[in-house]
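Below is the file structure15.csv, which contains CSV, C-alpha atoms.
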```
chain,number,residue,atom,x,y,z
T,53,MET,CA,-47.4,19.8,119.1
T,54,GLU,CA,-44.5,20.6,121.3
T,55,SER,CA,-45.2,22.0,124.8
T,56,PRO,CA,-43.8,25.4,125.8
T,57,LEU,CA,-41.6,23.5,128.4
T,58,MET,CA,-40.2,21.2,125.8
T,59,LYS,CA,-39.4,24.2,123.6
T,60,GLU,CA,-37.6,25.9,126.5
T,61,LEU,CA,-35.7,22.7,127.3
T,62,MET,CA,-34.6,22.1,123.7
T,63,THR,CA,-33.4,25.7,123.5
T,64,LEU,CA,-31.3,25.1,126.6
T,65,ILE,CA,-30.0,21.8,125.2
T,66,ASP,CA,-29.0,23.5,122.0
T,67,LYS,CA,-26.7,25.8,124.1
T,68,VAL,CA,-24.9,23.0,125.9
T,69,PRO,CA,-21.2,23.6,125.3
T,70,ASP,CA,-20.3,20.1,124.2
T,71,LYS,CA,-23.6,19.1,122.6
T,72,TYR,CA,-23.6,16.6,119.8
T,73,ASP,CA,-26.3,15.3,117.4
T,74,ASP,CA,-27.0,12.1,119.2
T,75,PHE,CA,-27.3,13.8,122.6
T,76,VAL,CA,-29.8,16.4,121.2
T,77,GLY,CA,-31.9,13.7,119.5
T,78,CYS,CA,-31.8,11.5,122.6
T,79,MET,CA,-32.9,14.3,124.9
T,80,GLU,CA,-35.8,15.1,122.7
T,81,VAL,CA,-37.0,11.5,122.5
T,82,ILE,CA,-36.5,10.8,126.2
T,83,MET,CA,-38.0,14.1,127.5
T,84,LYS,CA,-41.1,14.0,125.2
T,85,LYS,CA,-42.2,11.0,127.3
T,86,GLN,CA,-41.8,12.8,130.6
T,87,ASP,CA,-44.3,14.8,132.5
T,88,ASP,CA,-44.0,18.6,133.0
T,89,GLU,CA,-42.6,18.2,136.5
T,90,ASN,CA,-39.5,16.2,135.2
T,91,ILE,CA,-39.1,18.5,132.3
T,92,GLN,CA,-39.1,21.5,134.6
T,93,LYS,CA,-36.5,19.8,136.9
T,94,VAL,CA,-34.1,19.3,134.0
T,95,ILE,CA,-34.7,22.9,132.9
T,96,ASP,CA,-33.9,24.2,136.4
T,97,PHE,CA,-30.8,22.0,136.6
T,98,ILE,CA,-29.4,23.4,133.3
T,99,LYS,CA,-30.3,27.0,134.3
T,100,GLU,CA,-28.6,26.6,137.7
T,101,ASP,CA,-25.3,26.3,135.8
T,102,PRO,CA,-25.5,27.1,132.1
T,103,THR,CA,-21.9,25.7,131.6
T,104,ARG,CA,-23.1,22.1,132.4
T,105,LYS,CA,-21.9,19.6,129.9
T,106,SER,CA,-23.9,16.8,128.3
T,107,ASP,CA,-22.4,14.2,130.7
T,108,ASP,CA,-23.7,16.3,133.7
T,109,ILE,CA,-27.2,16.4,132.2
T,110,LEU,CA,-27.2,12.6,131.4
T,111,GLU,CA,-26.1,11.9,135.0
T,112,TYR,CA,-28.9,14.1,136.4
T,113,LEU,CA,-31.4,12.2,134.3
T,114,GLU,CA,-30.1,9.0,135.8
T,115,GLU,CA,-30.5,10.4,139.3
T,116,LEU,CA,-34.1,11.3,138.4
T,117,GLY,CA,-34.7,7.7,137.2
T,118,ILE,CA,-35.3,8.9,133.6
```
Could you take the file, read its structure, and then write that structure out as structure tokens?
Amino acid sequence: MESPLMKELMTLIDKVPDKYDDFVGCMEVIMKKQDDENIQKVIDFIKEDPTRKSDDILEYLEELGI
């Protein structure tokens, strides 16, 4: 069962302006393995600037070591 944080994250991912199928699938697979703290960090990062693109989010995951 998907956690409320994962549901929120995937809703935000779905609104990324340049999202593509592989990006959405990758985010779901990668983030399912993360703890709530990392999921919340990514949620906060996207909410900080809703116009962030997929590359920005992937770079942030790299900064977090994900």
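Distances to Asp88 in chain T were evaluated for T:Asp107, T:Asp74, T:Glu54, T:Glu114 using only C-alpha atoms, and the minimum falls at T:Glu54.
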### Query
T:Asp73, T:Ile82, T:Val68, T:Ile91: which is nearest Ser106 in chain T, counting all atoms listed in the file?
T:Val68
#### Entry: Between CA of Ser55 in chain T and CA of Lys67 in chain T - distance in Å to one decimal
18.9 Å
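Between CA of Val94 in chain T and CA of Asp70 in chain T the separation is 16.9 Å.
Taking CA of Tyr112 in chain T as the reference point, CA of Lys93 in chain T is found at 9.5 Å.
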### Query
Skipping near chain neighbours, those fewer than 4 positions away, what residues fall within 12 Å of Lys84 in chain T using all atoms listed in the file, listed as a PyMOL selection string?
chain T and resi 53-59+61-62+77-80+88+90-91+118
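Shortest separation to Tyr72 in chain T among T:Lys85, T:Leu116, T:Gln92, T:Lys105 occurs at residue T:Lys105, atoms counted being all atoms listed in the file.
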Atom completion result for range 88-103 of chain T (N, CA, C and O atoms) as a short mmCIF file (atom, residue, chain, number, x, y, z; two decimals), in the frame of the given file:
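What ended up in selection18.cif:
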```cif
data_model
loop_
_atom_site.label_atom_id
_atom_site.label_comp_id
_atom_site.auth_asym_id
_atom_site.auth_seq_id
_atom_site.Cartn_x
_atom_site.Cartn_y
_atom_site.Cartn_z
N ASP T 88 -44.52 17.22 132.85
CA ASP T 88 -44.00 18.60 133.00
C ASP T 88 -43.12 18.78 134.18
O ASP T 88 -42.17 19.56 134.14
N GLU T 89 -43.38 18.05 135.26
CA GLU T 89 -42.60 18.20 136.50
C GLU T 89 -41.12 17.77 136.20
O GLU T 89 -40.19 18.48 136.59
N ASN T 90 -40.92 16.65 135.52
CA ASN T 90 -39.50 16.20 135.20
C ASN T 90 -38.88 17.13 134.20
O ASN T 90 -37.68 17.41 134.31
N ILE T 91 -39.63 17.60 133.23
CA ILE T 91 -39.10 18.50 132.30
C ILE T 91 -38.61 19.79 132.97
O ILE T 91 -37.50 20.29 132.73
N GLN T 92 -39.42 20.30 133.89
CA GLN T 92 -39.10 21.50 134.60
C GLN T 92 -37.83 21.27 135.50
O GLN T 92 -36.97 22.14 135.62
N LYS T 93 -37.69 20.10 136.09
CA LYS T 93 -36.50 19.80 136.90
C LYS T 93 -35.24 19.84 136.06
O LYS T 93 -34.22 20.37 136.51
N VAL T 94 -35.30 19.32 134.84
CA VAL T 94 -34.10 19.30 134.00
C VAL T 94 -33.83 20.77 133.52
O VAL T 94 -32.67 21.20 133.50
N ILE T 95 -34.86 21.53 133.22
CA ILE T 95 -34.70 22.90 132.90
C ILE T 95 -34.00 23.68 134.00
O ILE T 95 -33.02 24.42 133.79
N ASP T 96 -34.50 23.50 135.21
CA ASP T 96 -33.90 24.20 136.40
C ASP T 96 -32.47 23.76 136.60
O ASP T 96 -31.62 24.58 136.94
N PHE T 97 -32.18 22.47 136.41
CA PHE T 97 -30.80 22.00 136.60
C PHE T 97 -29.87 22.64 135.59
O PHE T 97 -28.76 23.05 135.98
N ILE T 98 -30.28 22.78 134.35
CA ILE T 98 -29.40 23.40 133.30
C ILE T 98 -29.27 24.91 133.65
O ILE T 98 -28.17 25.46 133.57
N LYS T 99 -30.37 25.57 134.00
CA LYS T 99 -30.30 27.00 134.30
C LYS T 99 -29.46 27.33 135.49
O LYS T 99 -28.87 28.41 135.56
N GLU T 100 -29.40 26.40 136.45
CA GLU T 100 -28.60 26.60 137.70
C GLU T 100 -27.13 26.81 137.31
O GLU T 100 -26.43 27.55 138.00
N ASP T 101 -26.66 26.15 136.25
CA ASP T 101 -25.30 26.30 135.80
C ASP T 101 -25.26 26.09 134.28
O ASP T 101 -25.14 24.96 133.81
N PRO T 102 -25.39 27.18 133.52
CA PRO T 102 -25.50 27.10 132.10
C PRO T 102 -24.23 26.46 131.40
O PRO T 102 -24.26 26.15 130.21
N THR T 103 -23.15 26.29 132.15
CA THR T 103 -21.90 25.70 131.60
C THR T 103 -21.93 24.17 131.72
O THR T 103 -20.95 23.51 131.37
#
```
